[in-house]
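> My structure file upload13.cif, mmCIF, C-alpha atoms, is below:
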```cif
data_upload
#
loop_
_atom_site.group_PDB
_atom_site.id
_atom_site.type_symbol
_atom_site.label_atom_id
_atom_site.label_comp_id
_atom_site.auth_asym_id
_atom_site.auth_seq_id
_atom_site.Cartn_x
_atom_site.Cartn_y
_atom_site.Cartn_z
ATOM 1 C CA SER A 271 20.024 9.125 -15.833
ATOM 2 C CA LEU A 272 16.491 8.077 -14.925
ATOM 3 C CA ILE A 273 13.845 9.740 -12.759
ATOM 4 C CA SER A 274 10.185 8.867 -12.274
ATOM 5 C CA LEU A 275 7.480 11.128 -10.841
ATOM 6 C CA ASP A 276 4.297 9.334 -9.827
ATOM 7 C CA GLY A 277 1.237 11.121 -8.512
ATOM 8 C CA GLY A 278 -2.497 11.550 -8.868
ATOM 9 C CA PHE A 279 -4.118 14.252 -10.986
ATOM 10 C CA GLY A 280 -3.304 17.773 -9.891
ATOM 11 C CA THR A 281 -0.221 16.867 -7.833
ATOM 12 C CA GLY A 282 2.088 18.778 -10.178
ATOM 13 C CA LYS A 283 4.183 16.157 -11.930
ATOM 14 C CA ASP A 284 4.930 17.763 -15.287
ATOM 15 C CA PHE A 285 5.454 21.344 -14.101
ATOM 16 C CA PRO A 286 8.585 20.819 -11.954
ATOM 17 C CA ALA A 287 9.967 18.312 -14.474
ATOM 18 C CA LEU A 288 9.612 20.890 -17.244
ATOM 19 C CA ALA A 289 10.946 23.770 -15.110
ATOM 20 C CA TRP A 290 14.096 21.864 -14.187
ATOM 21 C CA ALA A 291 14.573 20.575 -17.725
ATOM 22 C CA VAL A 292 14.406 24.082 -19.213
ATOM 23 C CA MET A 293 16.778 25.369 -16.511
ATOM 24 C CA TRP A 294 19.296 22.638 -17.321
ATOM 25 C CA VAL A 295 19.132 23.584 -21.014
ATOM 26 C CA VAL A 296 19.572 27.278 -20.143
ATOM 27 C CA GLN A 297 22.568 26.404 -17.957
ATOM 28 C CA GLY A 298 24.111 24.431 -20.806
ATOM 29 C CA LEU A 299 24.049 21.094 -18.989
ATOM 30 C CA TYR A 300 22.087 19.670 -21.921
ATOM 31 C CA HIS A 301 21.770 20.876 -25.498
ATOM 32 C CA ARG A 302 18.030 20.390 -25.871
ATOM 33 C CA LEU A 303 14.774 19.235 -24.328
ATOM 34 C CA VAL A 304 12.964 16.249 -25.862
ATOM 35 C CA LEU A 305 9.222 15.842 -25.253
ATOM 36 C CA ILE A 306 7.483 12.480 -25.584
ATOM 37 C CA SER A 307 3.807 11.652 -25.093
ATOM 38 C CA PRO A 308 1.974 8.398 -25.872
ATOM 39 C CA SER A 309 -0.338 10.384 -28.214
ATOM 40 C CA ARG A 310 -3.492 8.602 -27.100
ATOM 41 C CA PRO A 311 -6.964 10.203 -27.132
ATOM 42 C CA VAL A 312 -8.921 10.059 -23.865
ATOM 43 C CA GLY A 313 -11.592 7.357 -23.669
ATOM 44 C CA GLU A 314 -13.603 6.899 -26.843
ATOM 45 C CA HIS A 315 -12.761 10.319 -28.290
ATOM 46 C CA GLN A 316 -10.984 9.910 -31.618
ATOM 47 C CA HIS A 317 -9.965 12.292 -34.379
ATOM 48 C CA GLU A 318 -9.345 12.249 -38.088
ATOM 49 C CA THR A 319 -5.835 12.423 -39.520
ATOM 50 C CA LEU A 320 -4.408 15.786 -38.529
ATOM 51 C CA PRO A 321 -2.915 18.130 -41.159
ATOM 52 C CA GLY A 322 0.638 19.454 -41.179
ATOM 53 C CA ASP A 323 4.122 18.062 -40.637
ATOM 54 C CA LEU A 324 5.049 15.615 -37.875
ATOM 55 C CA ASN A 325 5.484 18.357 -35.263
ATOM 56 C CA GLU A 326 2.107 19.888 -36.127
ATOM 57 C CA LYS A 327 0.371 16.507 -35.989
ATOM 58 C CA ASN A 328 1.741 15.951 -32.480
ATOM 59 C CA MET A 329 0.901 19.422 -31.136
ATOM 60 C CA PRO A 330 -2.436 18.342 -29.558
ATOM 61 C CA TRP A 331 -0.497 16.029 -27.223
ATOM 62 C CA MET A 332 2.035 18.771 -26.507
ATOM 63 C CA ALA A 333 -0.673 21.114 -25.139
ATOM 64 C CA PRO A 334 0.101 20.273 -21.466
ATOM 65 C CA PHE A 335 3.766 21.098 -22.097
ATOM 66 C CA ALA A 336 2.782 24.322 -23.896
ATOM 67 C CA ASP A 337 0.509 25.297 -20.979
ATOM 68 C CA ASN A 338 3.308 24.754 -18.463
ATOM 69 C CA LEU A 339 5.829 26.624 -20.617
ATOM 70 C CA ALA A 340 3.402 29.558 -20.782
ATOM 71 C CA ALA A 341 3.014 29.465 -16.981
ATOM 72 C CA LEU A 342 6.799 29.454 -16.543
ATOM 73 C CA LYS A 343 7.040 32.369 -18.949
ATOM 74 C CA ARG A 344 4.525 34.391 -16.898
ATOM 75 C CA MET A 345 6.331 33.569 -13.651
ATOM 76 C CA THR A 346 9.729 34.690 -14.942
ATOM 77 C CA ALA A 347 8.651 37.765 -16.931
ATOM 78 C CA GLY A 348 10.480 40.901 -15.786
ATOM 79 C CA SER A 349 12.815 38.997 -13.455
ATOM 80 C CA GLN A 350 16.524 39.799 -13.757
ATOM 81 C CA LYS A 351 17.404 36.564 -11.972
ATOM 82 C CA TYR A 352 15.567 34.475 -14.550
ATOM 83 C CA ARG A 353 16.325 36.652 -17.581
ATOM 84 C CA LYS A 354 18.019 33.806 -19.529
ATOM 85 C CA PHE A 355 15.266 31.431 -18.464
ATOM 86 C CA TYR A 356 12.587 33.808 -19.760
ATOM 87 C CA HIS A 357 14.475 34.449 -22.988
ATOM 88 C CA ILE A 358 14.369 30.782 -24.039
ATOM 89 C CA LEU A 359 10.647 30.573 -23.148
ATOM 90 C CA GLU A 360 9.710 33.762 -24.964
ATOM 91 C CA ALA A 361 9.326 32.100 -28.373
ATOM 92 C CA GLY A 362 6.912 29.462 -27.037
ATOM 93 C CA ILE A 363 7.075 25.773 -27.856
ATOM 94 C CA LYS A 364 7.059 26.260 -31.654
ATOM 95 C CA GLY A 365 9.813 28.859 -31.472
ATOM 96 C CA MET A 366 11.887 26.603 -29.226
ATOM 97 C CA ILE A 367 11.515 23.822 -31.798
ATOM 98 C CA GLU A 368 12.772 26.179 -34.519
ATOM 99 C CA LYS A 369 15.778 27.107 -32.348
ATOM 100 C CA ASP A 370 16.604 23.401 -31.859
ATOM 101 C CA LYS A 371 16.053 23.708 -28.107
ATOM 102 C CA VAL A 372 12.974 21.486 -28.101
ATOM 103 C CA GLU A 373 12.277 18.306 -30.054
ATOM 104 C CA ILE A 374 8.989 16.422 -30.213
ATOM 105 C CA ALA A 375 9.756 12.714 -30.503
ATOM 106 C CA PRO A 376 6.755 10.451 -31.232
ATOM 107 C CA ILE A 377 7.134 6.958 -29.754
ATOM 108 C CA ALA A 378 6.212 5.442 -33.129
ATOM 109 C CA TYR A 379 9.532 6.657 -34.582
ATOM 110 C CA ILE A 380 11.789 6.157 -31.574
ATOM 111 C CA ARG A 381 13.322 2.795 -32.476
ATOM 112 C CA GLY A 382 16.972 2.978 -33.544
ATOM 113 C CA ARG A 383 17.554 6.405 -32.031
ATOM 114 C CA THR A 384 20.018 7.384 -29.304
ATOM 115 C CA PHE A 385 19.353 10.537 -27.287
ATOM 116 C CA ASP A 386 22.665 12.187 -26.420
ATOM 117 C CA ASP A 387 23.183 15.500 -24.621
ATOM 118 C CA CYS A 388 19.507 16.055 -23.843
ATOM 119 C CA VAL A 389 16.932 15.887 -21.083
ATOM 120 C CA THR A 390 13.827 13.959 -22.096
ATOM 121 C CA ILE A 391 10.398 14.119 -20.455
ATOM 122 C CA ILE A 392 7.989 11.251 -21.078
ATOM 123 C CA THR A 393 4.520 12.324 -19.923
ATOM 124 C CA GLU A 394 1.435 10.147 -19.301
ATOM 125 C CA ALA A 395 3.900 7.288 -18.866
ATOM 126 C CA GLN A 396 1.265 5.080 -17.223
ATOM 127 C CA ASN A 397 -0.246 4.561 -20.690
ATOM 128 C CA ILE A 398 2.932 3.116 -22.199
ATOM 129 C CA ASP A 399 3.221 -0.666 -22.137
ATOM 130 C CA GLN A 400 6.226 -2.587 -20.829
ATOM 131 C CA ALA A 401 7.793 -3.245 -24.243
ATOM 132 C CA ASN A 402 7.730 0.431 -25.231
ATOM 133 C CA THR A 403 8.910 1.545 -21.790
ATOM 134 C CA GLU A 404 11.902 -0.778 -22.158
ATOM 135 C CA LEU A 405 12.481 0.628 -25.656
ATOM 136 C CA LEU A 406 12.445 4.186 -24.289
ATOM 137 C CA ILE A 407 14.901 3.387 -21.507
ATOM 138 C CA SER A 408 17.260 1.795 -24.033
ATOM 139 C CA ARG A 409 17.378 5.122 -25.948
ATOM 140 C CA ILE A 410 19.243 6.894 -23.093
ATOM 141 C CA GLY A 411 22.605 8.043 -24.462
ATOM 142 C CA THR A 412 25.669 9.941 -23.261
ATOM 143 C CA ASN A 413 24.975 12.936 -20.989
ATOM 144 C CA SER A 414 21.257 12.235 -21.116
ATOM 145 C CA LYS A 415 18.511 12.232 -18.500
ATOM 146 C CA PHE A 416 15.043 10.676 -18.889
ATOM 147 C CA ILE A 417 12.166 11.822 -16.672
ATOM 148 C CA PHE A 418 9.009 9.680 -16.675
ATOM 149 C CA THR A 419 5.891 11.349 -15.261
ATOM 150 C CA GLY A 420 2.617 9.533 -14.759
ATOM 151 C CA ASP A 421 -0.238 8.464 -12.554
ATOM 152 C CA ALA A 422 -0.274 4.731 -11.991
ATOM 153 C CA SER A 423 -3.948 4.926 -10.984
ATOM 154 C CA GLN A 424 -5.074 6.495 -14.317
ATOM 155 C CA LEU A 425 -4.744 3.935 -17.083
ATOM 156 C CA ASP A 426 -6.413 4.954 -20.364
ATOM 157 C CA THR A 427 -5.343 1.770 -22.129
ATOM 158 C CA ARG A 428 -6.479 -1.816 -22.222
ATOM 159 C CA TYR A 429 -3.384 -2.768 -20.202
ATOM 160 C CA ASP A 430 -4.106 -3.563 -16.608
ATOM 161 C CA PHE A 431 -2.109 -2.229 -13.651
ATOM 162 C CA ALA A 432 0.250 -5.210 -13.616
ATOM 163 C CA LEU A 433 1.221 -4.723 -17.286
ATOM 164 C CA SER A 434 1.888 -0.975 -17.185
ATOM 165 C CA GLY A 435 5.440 -0.120 -18.131
ATOM 166 C CA PHE A 436 5.396 2.794 -15.676
ATOM 167 C CA THR A 437 4.527 0.660 -12.643
ATOM 168 C CA ARG A 438 7.131 -1.903 -13.669
ATOM 169 C CA LEU A 439 9.743 0.847 -14.096
ATOM 170 C CA ILE A 440 9.078 2.095 -10.563
ATOM 171 C CA ASP A 441 9.166 -1.413 -9.113
ATOM 172 C CA SER A 442 12.271 -2.505 -11.040
ATOM 173 C CA TYR A 443 14.440 0.433 -9.962
ATOM 174 C CA LYS A 444 13.164 1.147 -6.445
ATOM 175 C CA SER A 445 16.412 -0.127 -4.896
ATOM 176 C CA ASP A 446 18.775 1.276 -7.539
ATOM 177 C CA PRO A 447 20.835 4.184 -6.114
ATOM 178 C CA HIS A 448 21.370 5.590 -9.637
ATOM 179 C CA VAL A 449 17.654 6.010 -10.339
ATOM 180 C CA GLY A 450 15.451 8.614 -8.665
ATOM 181 C CA HIS A 451 11.786 8.141 -7.791
ATOM 182 C CA ILE A 452 9.438 10.803 -6.446
ATOM 183 C CA LYS A 453 5.924 10.059 -5.197
ATOM 184 C CA LEU A 454 3.671 13.142 -5.158
ATOM 185 C CA ILE A 455 0.687 12.872 -2.828
ATOM 186 C CA LYS A 456 -0.995 16.235 -2.203
ATOM 187 C CA PRO A 457 -3.071 17.799 -5.009
ATOM 188 C CA ILE A 458 -2.113 21.431 -5.620
ATOM 189 C CA ARG A 459 -4.479 22.309 -8.472
ATOM 190 C CA PRO A 460 -7.871 23.748 -7.346
ATOM 191 C CA GLY A 461 -9.871 21.556 -9.728
ATOM 192 C CA SER A 462 -8.336 18.429 -8.197
ATOM 193 C CA ASP A 463 -10.174 18.922 -4.898
ATOM 194 C CA LEU A 464 -13.456 19.318 -6.748
ATOM 195 C CA ALA A 465 -12.804 16.204 -8.843
ATOM 196 C CA LEU A 466 -12.034 14.162 -5.724
ATOM 197 C CA LYS A 467 -15.492 15.066 -4.336
ATOM 198 C CA TYR A 468 -17.291 14.216 -7.598
#
```
Since I need it in another form, could you write the structure as structure tokens?

Amino acid sequence: SLISLDGGFGTGKDFPALAWAVMWVVQGLYHRLVLISPSRPVGEHQHETLPGDLNEKNMPWMAPFADNLAALKRMTAGSQKYRKFYHILEAGIKGMIEKDKVEIAPIAYIRGRTFDDCVTIITEAQNIDQANTELLISRIGTNSKFIFTGDASQLDTRYDFALSGFTRLIDSYKSDPHVGHIKLIKPIRPGSDLALKY
């Protein structure tokens, strides 16, 4: 029911999580994919109130998911083996929302909900505090899988390492046979090597 992927920038945390999640939806193991991000600007960069409905307001934080969905779409284009996979990606993230295959779920409105029959990806999980991480875990329903992806070394919040919900999640469940944890070490994105030398 619970998986965590921890790794530095460029190690490829969100891509495999998203690829498997979409595949599970295509295979009918889950009805839909739920995407959650802490919706926090980087550093001091802020923005005015964004126009549009709730989905449109949250689109800036969905950009990494949209980028990965576009990459998956390119990889599966023209493939007979992944024809069903490509078909669900063809409409893009907005089209998948309209088809009820993707839901954007802001943390601010998560209380009281139960996520049944879905696979949920929580990205940038290192920036979610312990109380909200506990709240998220308590939302897991019947036939539901939650995947937390994050980099414990990149905290954009005022919370220190010891108070991060992501690091506590990893530590709390490290001996639980029903919870999976993956530690990604090697950067695979070209820009990551350059950033490490900066």
> Tell me, as JSON, numbers by chain, which residues lie within 12 Å of range 290-297 of chain A, counting all atoms listed in the file; anything in the same chain fewer than 2 positions away does not count.
{"A": [273, 283, 284, 285, 286, 287, 288, 299, 300, 301, 302, 303, 304, 305, 335, 338, 339, 342, 343, 346, 352, 353, 354, 355, 356, 357, 358, 359, 363, 366, 370, 371, 372, 387, 388, 389, 390, 391, 392, 413, 414, 415, 416, 417]}
> For a quick check of understanding, using all atoms listed in the file, which of A:Ala465, A:Pro308, A:Ile410, A:Ala336 has the smallest distance to Ile367 in chain A?
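Result for the nearest residue to Ile367 in chain A: A:Ala336.
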> Would you mind telling me which residue in A:Ser408, A:Ile440, A:Lys351, A:Gly362 lies nearest to Ala422 in chain A when using only C-alpha atoms?
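Checking each of A:Ser408, A:Ile440, A:Lys351, A:Gly362 against Ala422 in chain A, counting only C-alpha atoms, the winner is A:Ile440.
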> Taking all atoms listed in the file into account, which of A:Asn402, A:Thr419, A:Gln396, A:Ser307 comes nearest Arg381 in chain A?
A:Asn402
> Need to verify the contact set: Arg409 in chain A, 6 Å, only C-alpha atoms, exclusion of same-chain residues closer than 2 positions in sequence. Can you return it as a list in words?
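The residues that qualify are Thr384, Phe385, Leu406 and Ile407 of chain A.
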> Which polymer residues have any atom within 6 Å of an atom of Gly280 in chain A, counting only C-alpha atoms, with same-chain residues fewer than 2 positions away left out, as a list in words?
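Result of the neighbour search: Gly282, Pro457, Ile458, Arg459 and Ser462 of chain A.
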> The residues within 12 Å of (19.9, 3.8, -9.3), using only C-alpha atoms and the coordinates of the file, should be reported as a list in words; which are they?
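Here is the list of nearby residues: Ser271, Leu272, Ile273, Ser274, Leu439, Ile440, Asp441, Ser442, Tyr443, Lys444, Ser445, Asp446, Pro447, His448, Val449, Gly450 and His451 of chain A.
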> For the atom pair CA of Glu373 in chain A and CA of Asp399 in chain A, what is the interatomic distance in Å to one decimal place?
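Spanning CA of Glu373 in chain A to CA of Asp399 in chain A is a straight-line distance of 22.5 Å.
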> Figure out the distance between CA of Gly435 in chain A and CA of Leu405 in chain A, please, to one decimal in Å.
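Straight-line distance from CA of Leu405 in chain A to CA of Gly435 in chain A works out to 10.3 Å.
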> Which is closest to Pro376 in chain A among A:Gly461, A:Glu360, A:Ser434, A:Thr393, if we use only C-alpha atoms?
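Comparing A:Gly461, A:Glu360, A:Ser434, A:Thr393 against Pro376 in chain A, the winner is A:Thr393.
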> Rounded to one decimal in Å, what is the spacing between CA of Leu425 in chain A and CA of Glu394 in chain A?
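Taking CA of Leu425 in chain A and CA of Glu394 in chain A, their separation equals 9.0 Å.
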> If the PyMOL selection byres ((chain A and resi 277) around 8) is run on the structure shown, which residues does it catch, given as a ChimeraX atom specification?
/A:275-276,278-279,281-283,420-422,453-455
> Pick from A:Ile306, A:Ala347, A:Ile398, A:Ile380: nearest to Pro334 in chain A, with only C-alpha atoms counted?
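Once distances to Pro334 in chain A are computed over only C-alpha atoms, the minimum belongs to A:Ile306.
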